[in-house]
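> Quick one: structure below, then a few questions.
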Amino acid sequence: MRRERLLDLMERFGKLRIAVMGDLFLDRWLTIDPGLDEPSLETGLTAWQVVESRRCAGAAGTVLNNLSALGIGKLYAISLLGLDGEGVEVKRALCERCVDTSLLVESGLIVTPAYVKPMFMQPDGTLAEGNRMDHKNRKPTPRQLENALLERLRDVAGQVDAIILLDQLTEENTGVLTQAVREAAAQLGREHPELLLFADSRAFIDRFHDVVIKCNNLEAAALTGMPGGEPFRSEDVFAALDALSARTGGQVVVTCNAHGVAVRDGGKPVLVPAAKQEGPIDVCGAGDACTAGVVSALCAGASPSEAALMGNLCSGVTVRKLDTTGTASQAEALALYDEQFASEG
């Protein structure tokens with residue numbers, strides 16, 4: 001893709017309207033200074049001393065953060081929040097990103113999921129992440145909350161260019177994207193072929209139908225019985241991509257880590273190369289950044305290959321941001337393009 005084409009696509013982002021429907025988590029990082037450890041008078045155990053706390057909206061919030069950083073004109077969040085402090089913080093974080101939160105369903109029947117990440121200061125000044133503490137809903141999503149989500153999904157379909165469906169959980173039907181929501185999304189896909197519905201799921205991606213799905217090459221291999229892992233073979237990825245497409249009835253995007261992103265474009269399988277990286281990287285949130293880039297580009301009129309490159313640029317920017325769930329702006333994506341791809345355009 002030529003630089004002028006990339007600029008043209010990004011100039012259209014400000015007119016796009018995108019909804020993200022999925023599980024919202026509060027991501028919280030706690031920086032702990034071991035030099036300040038104190039013994040607890042009550043238990044005798046070490047009491048860790050937190051010297052800094054950071055937070056942001058995670059999971060579906062990470063996709064929204066990246067869409068906001070890319071300058072998407074209007075963003076909607078459709079999700080579930082508990083009536084708790086974590087929910088308040090998630091809404092505040094989304095509002096800081098100019099995300100419309102009017103479609104959120106808030107209820108005391110659930111808790112707001114959270115990932116708490118202790119980060120221990122090292123003698124050399126770096127941070128080492130400790131065991132993460134997860135807070136999730138373990139029971140099936142209450143029916144009345146599921147019905148409220150379905151109503152919001154149908155209502156927003158006529159207002160947006162795309163709906164991203166982000167399933168963070170591995171316990172089925174305990175979050176936002178239940179089986180009923182997947183079926184409703186498939187129905188929307190059949191009724192509104194002009195609407196881009198794009199799904200990403202940790203455990204149930206092959207249960208989506210009639211929408212665009214995204215997974216990584218190892219997941220695609222496991223789901224289809226194709227060879228996966230190393231040595232990496234693009235032919236195996238293409239075979240898995242086609243098998244998943246036949247199963248789900250929709251287009252498939254397969255991310256391949258450092259190898260790039262595989263798509264079908266004009267009937268031909270294509271592996272769009274990733275940006276090369278040197279030095280330490282942090283892959284936390286890279287997949288969500290890729291999703292934001294791919295969907296934004298597709299809505300702006302990009303071909304599948306062009307959208308894959310945009311996804312690679314966004315993830316390539318974020319992996320260079322250590323100890324955080326980073327985002328990629330248009331300027332950062334363009335700088336990475338100039339660094340590595342301009343001569344190919």
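Chain labels run A, B, ... following the order of the structure tokens; each chain numbers its residues from 1, and ligands are numbered from 1 in the order shown.
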Just want the 12 Å neighbourhood of A:Pro123, counted on only C-alpha atoms, with same-chain residues fewer than 2 positions away dropped. Output as a PDB file with N, CA and C atoms, in the first residue's frame.


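After the write, out_34.pdb holds the following:
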ATOM      1  N   ASP A  33       6.931  -1.411  45.901  1.00  0.00           N
ATOM      2  CA  ASP A  33       8.348  -1.203  46.213  1.00  0.00           C
ATOM      3  C   ASP A  33       8.747  -2.178  47.319  1.00  0.00           C
ATOM      4  N   PRO A  34       9.477  -3.280  46.989  1.00  0.00           N
ATOM      5  CA  PRO A  34       9.868  -4.244  48.004  1.00  0.00           C
ATOM      6  C   PRO A  34      10.716  -3.637  49.114  1.00  0.00           C
ATOM      7  N   GLY A  35      11.385  -2.513  48.815  1.00  0.00           N
ATOM      8  CA  GLY A  35      12.190  -1.863  49.842  1.00  0.00           C
ATOM      9  C   GLY A  35      11.363  -1.273  50.963  1.00  0.00           C
ATOM     10  N   PHE A 120       6.354  -5.370  40.585  1.00  0.00           N
ATOM     11  CA  PHE A 120       7.366  -5.224  41.626  1.00  0.00           C
ATOM     12  C   PHE A 120       8.590  -4.483  41.090  1.00  0.00           C
ATOM     13  N   MET A 121       8.958  -3.419  41.791  1.00  0.00           N
ATOM     14  CA  MET A 121      10.136  -2.651  41.401  1.00  0.00           C
ATOM     15  C   MET A 121      11.395  -3.477  41.612  1.00  0.00           C
ATOM     16  N   GLY A 125      15.580  -0.669  38.484  1.00  0.00           N
ATOM     17  CA  GLY A 125      14.564   0.304  38.117  1.00  0.00           C
ATOM     18  C   GLY A 125      13.460  -0.227  37.227  1.00  0.00           C
ATOM     19  N   THR A 126      13.610  -1.451  36.728  1.00  0.00           N
ATOM     20  CA  THR A 126      12.565  -2.045  35.904  1.00  0.00           C
ATOM     21  C   THR A 126      11.466  -2.624  36.791  1.00  0.00           C
ATOM     22  N   LEU A 127      10.376  -3.042  36.150  1.00  0.00           N
ATOM     23  CA  LEU A 127       9.248  -3.637  36.859  1.00  0.00           C
ATOM     24  C   LEU A 127       9.080  -5.081  36.438  1.00  0.00           C
ATOM     25  N   ALA A 128       8.788  -5.945  37.403  1.00  0.00           N
ATOM     26  CA  ALA A 128       8.519  -7.353  37.129  1.00  0.00           C
ATOM     27  C   ALA A 128       7.093  -7.663  37.558  1.00  0.00           C
TER      28      ALA A 128
END

> If we count only C-alpha atoms and set the cut-off at 6 Å, which residues sit around stretch 307-317 of chain A, ignoring sequence neighbours fewer than 4 positions away in its own chain? Please answer as a PyMOL selection string.

chain A and resi 261+274-275+286+289-290+293-294+297-298+302+328+333

> Do you know which residues are at most 8 Å from A:Ile110 counting only C-alpha atoms, after dropping those on the same chain fewer than 6 positions away, and could you put them as a ChimeraX atom specification?

/A:81-83,137

> Fewer than 4 positions away in the same chain doesn't count, so skip those; otherwise give me all residues within 9 Å of stretch 6-8 of chain A, counting only C-alpha atoms, as a ChimeraX atom specification.

/A:1-2,12,300,306,310,330,334

> Under the rule that only C-alpha atoms are counted, which of A:Ala77, A:Val51, A:Leu24, A:Ala60 is the nearest residue to A:Leu36?

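Answer, going by the shortest atom-to-atom distance: A:Val51.
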
> Could you please write out, as a list in words, every residue of stretch 6-111 of chain A that DSSP assigns to alpha helix (DSSP H)?

Leu6, Leu7, Asp8, Leu9, Met10, Glu11, Ala60, Gly61, Thr62, Val63, Leu64, Asn65, Asn66, Leu67, Ser68, Ala69, Gly85, Glu86, Gly87, Val88, Glu89, Val90, Lys91, Arg92, Ala93, Leu94, Cys95 and Glu96 of chain A

> Residues at most 12 Å from A:Ala203, counting only C-alpha atoms, excluding those fewer than 5 positions away in the same chain, as a PyMOL selection string?

chain A and resi 166-173+177+208+214-216+219-220+222-223

> Please produce an output containing C-alpha atoms for each residue in the selection, written as a short mmCIF file (atom, residue, chain, number, x, y, z; two decimals), in the first residue's frame.


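Once everything was written out, this is selection_27.cif:
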data_model
loop_
_atom_site.label_atom_id
_atom_site.label_comp_id
_atom_site.auth_asym_id
_atom_site.auth_seq_id
_atom_site.Cartn_x
_atom_site.Cartn_y
_atom_site.Cartn_z
CA LEU A 166 -15.19 -9.10 21.84
CA ASP A 167 -15.52 -12.24 23.99
CA GLN A 168 -12.90 -12.19 26.75
CA LEU A 169 -14.08 -15.20 28.75
CA THR A 170 -13.43 -18.93 28.67
CA GLU A 171 -16.52 -19.79 30.75
CA GLU A 172 -19.45 -19.95 28.33
CA ASN A 173 -22.53 -17.77 28.84
CA LEU A 177 -21.45 -12.63 24.34
CA PHE A 208 -19.95 -17.30 15.50
CA LYS A 214 -10.49 -13.20 13.86
CA CYS A 215 -8.23 -15.69 15.63
CA ASN A 216 -4.53 -16.51 15.76
CA GLU A 219 -6.23 -21.31 17.47
CA ALA A 220 -7.08 -21.80 13.81
CA ALA A 222 -6.52 -26.37 16.85
CA LEU A 223 -10.05 -25.71 15.59
#

> Can you tell me how far atom CA of A:Ser79 sits from atom CA of A:Thr112, in Å to one decimal?

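A separation of 10.2 Å between them.
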
> Please run DSSP on the backbone and report, as a ChimeraX atom specification, all residues within stretch 34-180 of chain A that come out as strand (DSSP E).

/A:38-39,46-47,50-59,74-78,80-82,105-107,114-121,127-129,133-135,162-167

> Please produce an output containing C-alpha atoms for each residue in the selection, written as a PDB file, in the first residue's frame.


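Just written: selection_28.pdb:
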ATOM      1  CA  GLU A  38       6.314  -4.137  56.276  1.00  0.00           C
ATOM      2  CA  PRO A  39       5.334  -7.094  58.461  1.00  0.00           C
ATOM      3  CA  THR A  46       4.654  -9.303  54.525  1.00  0.00           C
ATOM      4  CA  ALA A  47       2.461  -6.315  53.700  1.00  0.00           C
ATOM      5  CA  VAL A  50       1.857   0.179  46.786  1.00  0.00           C
ATOM      6  CA  VAL A  51       3.561   3.374  45.618  1.00  0.00           C
ATOM      7  CA  GLU A  52       1.612   3.900  42.390  1.00  0.00           C
ATOM      8  CA  SER A  53      -1.704   2.742  40.926  1.00  0.00           C
ATOM      9  CA  ARG A  54      -2.770   2.951  37.292  1.00  0.00           C
ATOM     10  CA  ARG A  55      -6.034   1.873  35.701  1.00  0.00           C
ATOM     11  CA  CYS A  56      -7.775   1.698  32.349  1.00  0.00           C
ATOM     12  CA  ALA A  57     -10.745  -0.013  30.748  1.00  0.00           C
ATOM     13  CA  GLY A  58      -9.546  -3.423  29.575  1.00  0.00           C
ATOM     14  CA  ALA A  59     -10.735  -6.338  27.405  1.00  0.00           C
ATOM     15  CA  LYS A  74     -18.153   8.057  17.257  1.00  0.00           C
ATOM     16  CA  LEU A  75     -17.708   5.119  19.619  1.00  0.00           C
ATOM     17  CA  TYR A  76     -20.339   3.160  21.524  1.00  0.00           C
ATOM     18  CA  ALA A  77     -19.789   0.615  24.309  1.00  0.00           C
ATOM     19  CA  ILE A  78     -22.326  -2.182  24.856  1.00  0.00           C
ATOM     20  CA  LEU A  80     -22.386  -5.181  31.506  1.00  0.00           C
ATOM     21  CA  LEU A  81     -21.123  -3.387  34.610  1.00  0.00           C
ATOM     22  CA  GLY A  82     -21.778  -4.038  38.270  1.00  0.00           C
ATOM     23  CA  VAL A 105     -26.234  -2.211  31.280  1.00  0.00           C
ATOM     24  CA  GLU A 106     -25.544  -1.670  34.976  1.00  0.00           C
ATOM     25  CA  SER A 107     -26.849  -4.068  37.616  1.00  0.00           C
ATOM     26  CA  ALA A 114     -11.212  -6.805  36.964  1.00  0.00           C
ATOM     27  CA  TYR A 115      -7.606  -7.780  36.311  1.00  0.00           C
ATOM     28  CA  VAL A 116      -5.314  -6.636  39.137  1.00  0.00           C
ATOM     29  CA  LYS A 117      -1.645  -6.754  38.156  1.00  0.00           C
ATOM     30  CA  PRO A 118       1.041  -6.316  40.848  1.00  0.00           C
ATOM     31  CA  MET A 119       4.262  -4.864  39.431  1.00  0.00           C
ATOM     32  CA  PHE A 120       7.366  -5.224  41.626  1.00  0.00           C
ATOM     33  CA  MET A 121      10.136  -2.651  41.401  1.00  0.00           C
ATOM     34  CA  LEU A 127       9.248  -3.637  36.859  1.00  0.00           C
ATOM     35  CA  ALA A 128       8.519  -7.353  37.129  1.00  0.00           C
ATOM     36  CA  GLU A 129       4.903  -8.463  36.938  1.00  0.00           C
ATOM     37  CA  MET A 133      -5.585 -11.482  40.394  1.00  0.00           C
ATOM     38  CA  ASP A 134      -8.808 -11.962  38.410  1.00  0.00           C
ATOM     39  CA  HIS A 135     -12.306 -11.024  39.502  1.00  0.00           C
ATOM     40  CA  ALA A 162     -19.364  -1.702  12.322  1.00  0.00           C
ATOM     41  CA  ILE A 163     -19.977  -3.713  15.483  1.00  0.00           C
ATOM     42  CA  ILE A 164     -16.987  -5.420  17.085  1.00  0.00           C
ATOM     43  CA  LEU A 165     -17.883  -8.433  19.232  1.00  0.00           C
ATOM     44  CA  LEU A 166     -15.193  -9.096  21.845  1.00  0.00           C
ATOM     45  CA  ASP A 167     -15.516 -12.242  23.989  1.00  0.00           C
TER      46      ASP A 167
END

> List as a ChimeraX atom specification the protein and nucleic acid residues near A:Cys284, meaning an atom at most 9 Å away when only C-alpha atoms are counted, but skip any in the same chain fewer than 4 places from it.

/A:288,318-319,322-326

> Kindly export the residues of the current selection with C-alpha atoms, as a PDB file, in the first residue's frame.


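For reference, part-v3.pdb as written:
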ATOM      1  CA  ASP A 288      -6.945  -5.845  20.286  1.00  0.00           C
ATOM      2  CA  THR A 318       1.727  -1.200  20.828  1.00  0.00           C
ATOM      3  CA  VAL A 319       4.194  -4.048  21.417  1.00  0.00           C
ATOM      4  CA  LEU A 322       6.332  -1.948  27.848  1.00  0.00           C
ATOM      5  CA  ASP A 323       4.501  -2.688  31.118  1.00  0.00           C
ATOM      6  CA  THR A 324       1.199  -1.319  29.859  1.00  0.00           C
ATOM      7  CA  THR A 325      -1.651  -2.106  27.487  1.00  0.00           C
ATOM      8  CA  GLY A 326      -0.680   0.361  24.813  1.00  0.00           C
TER       9      GLY A 326
END

> I'd like to know which of A:Leu196, A:Val88, A:Ala185, A:Val20 is closest to A:Leu103, using only C-alpha atoms.

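So, comparing all the options, the nearest one is A:Val20.
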
> Excluding A:Gln187 and any residue of its chain fewer than 3 positions from it, enumerate the residues within 12 Å of it, using only C-alpha atoms, and give them as a PDB file with N, CA and C atoms, in the first residue's frame.


ATOM      1  N   LEU A 150     -29.397  -7.678  24.145  1.00  0.00           N
ATOM      2  CA  LEU A 150     -29.936  -7.964  22.818  1.00  0.00           C
ATOM      3  C   LEU A 150     -30.683  -6.757  22.258  1.00  0.00           C
ATOM      4  N   LEU A 153     -28.092  -4.243  21.102  1.00  0.00           N
ATOM      5  CA  LEU A 153     -27.422  -4.696  19.888  1.00  0.00           C
ATOM      6  C   LEU A 153     -28.282  -4.392  18.663  1.00  0.00           C
ATOM      7  N   ARG A 154     -29.546  -4.711  18.731  1.00  0.00           N
ATOM      8  CA  ARG A 154     -30.436  -4.468  17.590  1.00  0.00           C
ATOM      9  C   ARG A 154     -30.608  -2.974  17.339  1.00  0.00           C
ATOM     10  N   ALA A 157     -27.519  -1.268  15.577  1.00  0.00           N
ATOM     11  CA  ALA A 157     -27.135  -1.764  14.248  1.00  0.00           C
ATOM     12  C   ALA A 157     -27.392  -0.748  13.146  1.00  0.00           C
ATOM     13  N   ALA A 180     -27.137 -16.652  22.932  1.00  0.00           N
ATOM     14  CA  ALA A 180     -28.238 -15.864  22.376  1.00  0.00           C
ATOM     15  C   ALA A 180     -27.720 -14.624  21.658  1.00  0.00           C
ATOM     16  N   VAL A 181     -26.676 -13.999  22.190  1.00  0.00           N
ATOM     17  CA  VAL A 181     -26.100 -12.824  21.539  1.00  0.00           C
ATOM     18  C   VAL A 181     -25.404 -13.222  20.247  1.00  0.00           C
ATOM     19  N   ARG A 182     -24.698 -14.347  20.246  1.00  0.00           N
ATOM     20  CA  ARG A 182     -24.066 -14.813  19.007  1.00  0.00           C
ATOM     21  C   ARG A 182     -25.114 -15.078  17.928  1.00  0.00           C
ATOM     22  N   GLU A 183     -26.239 -15.674  18.305  1.00  0.00           N
ATOM     23  CA  GLU A 183     -27.300 -15.948  17.334  1.00  0.00           C
ATOM     24  C   GLU A 183     -27.906 -14.646  16.806  1.00  0.00           C
ATOM     25  N   ALA A 184     -28.084 -13.666  17.692  1.00  0.00           N
ATOM     26  CA  ALA A 184     -28.617 -12.377  17.258  1.00  0.00           C
ATOM     27  C   ALA A 184     -27.654 -11.676  16.313  1.00  0.00           C
ATOM     28  N   ARG A 190     -26.944 -11.533   8.491  1.00  0.00           N
ATOM     29  CA  ARG A 190     -27.723 -11.960   7.329  1.00  0.00           C
ATOM     30  C   ARG A 190     -28.669 -10.857   6.857  1.00  0.00           C
ATOM     31  N   GLU A 191     -29.210 -10.090   7.796  1.00  0.00           N
ATOM     32  CA  GLU A 191     -30.182  -9.051   7.448  1.00  0.00           C
ATOM     33  C   GLU A 191     -29.522  -7.765   6.956  1.00  0.00           C
ATOM     34  N   HIS A 192     -28.281  -7.507   7.391  1.00  0.00           N
ATOM     35  CA  HIS A 192     -27.606  -6.244   7.059  1.00  0.00           C
ATOM     36  C   HIS A 192     -26.208  -6.544   6.497  1.00  0.00           C
ATOM     37  N   PRO A 193     -26.145  -7.016   5.254  1.00  0.00           N
ATOM     38  CA  PRO A 193     -24.830  -7.353   4.679  1.00  0.00           C
ATOM     39  C   PRO A 193     -23.900  -6.153   4.568  1.00  0.00           C
ATOM     40  N   LEU A 195     -23.432  -4.012   6.950  1.00  0.00           N
ATOM     41  CA  LEU A 195     -22.901  -3.749   8.283  1.00  0.00           C
ATOM     42  C   LEU A 195     -21.761  -4.718   8.578  1.00  0.00           C
ATOM     43  N   LEU A 197     -19.783  -6.826  10.920  1.00  0.00           N
ATOM     44  CA  LEU A 197     -19.762  -7.447  12.238  1.00  0.00           C
ATOM     45  C   LEU A 197     -18.487  -8.266  12.330  1.00  0.00           C
ATOM     46  N   PHE A 208     -19.368 -18.451  16.178  1.00  0.00           N
ATOM     47  CA  PHE A 208     -19.948 -17.304  15.500  1.00  0.00           C
ATOM     48  C   PHE A 208     -20.218 -17.681  14.050  1.00  0.00           C
ATOM     49  N   HIS A 209     -21.306 -17.147  13.505  1.00  0.00           N
ATOM     50  CA  HIS A 209     -21.668 -17.456  12.123  1.00  0.00           C
ATOM     51  C   HIS A 209     -22.100 -16.183  11.406  1.00  0.00           C
ATOM     52  N   ASP A 210     -21.814 -16.139  10.118  1.00  0.00           N
ATOM     53  CA  ASP A 210     -22.247 -15.046   9.252  1.00  0.00           C
ATOM     54  C   ASP A 210     -21.692 -13.701   9.683  1.00  0.00           C
ATOM     55  N   VAL A 211     -20.537 -13.696  10.322  1.00  0.00           N
ATOM     56  CA  VAL A 211     -19.812 -12.481  10.661  1.00  0.00           C
ATOM     57  C   VAL A 211     -18.343 -12.721  10.318  1.00  0.00           C
TER      58      VAL A 211
END

> Quote the spacing between atom CA of A:Lys139 and atom CA of A:Thr174 in Å to one decimal place.

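Separation of atom CA of A:Lys139 and atom CA of A:Thr174: 5.7 Å.
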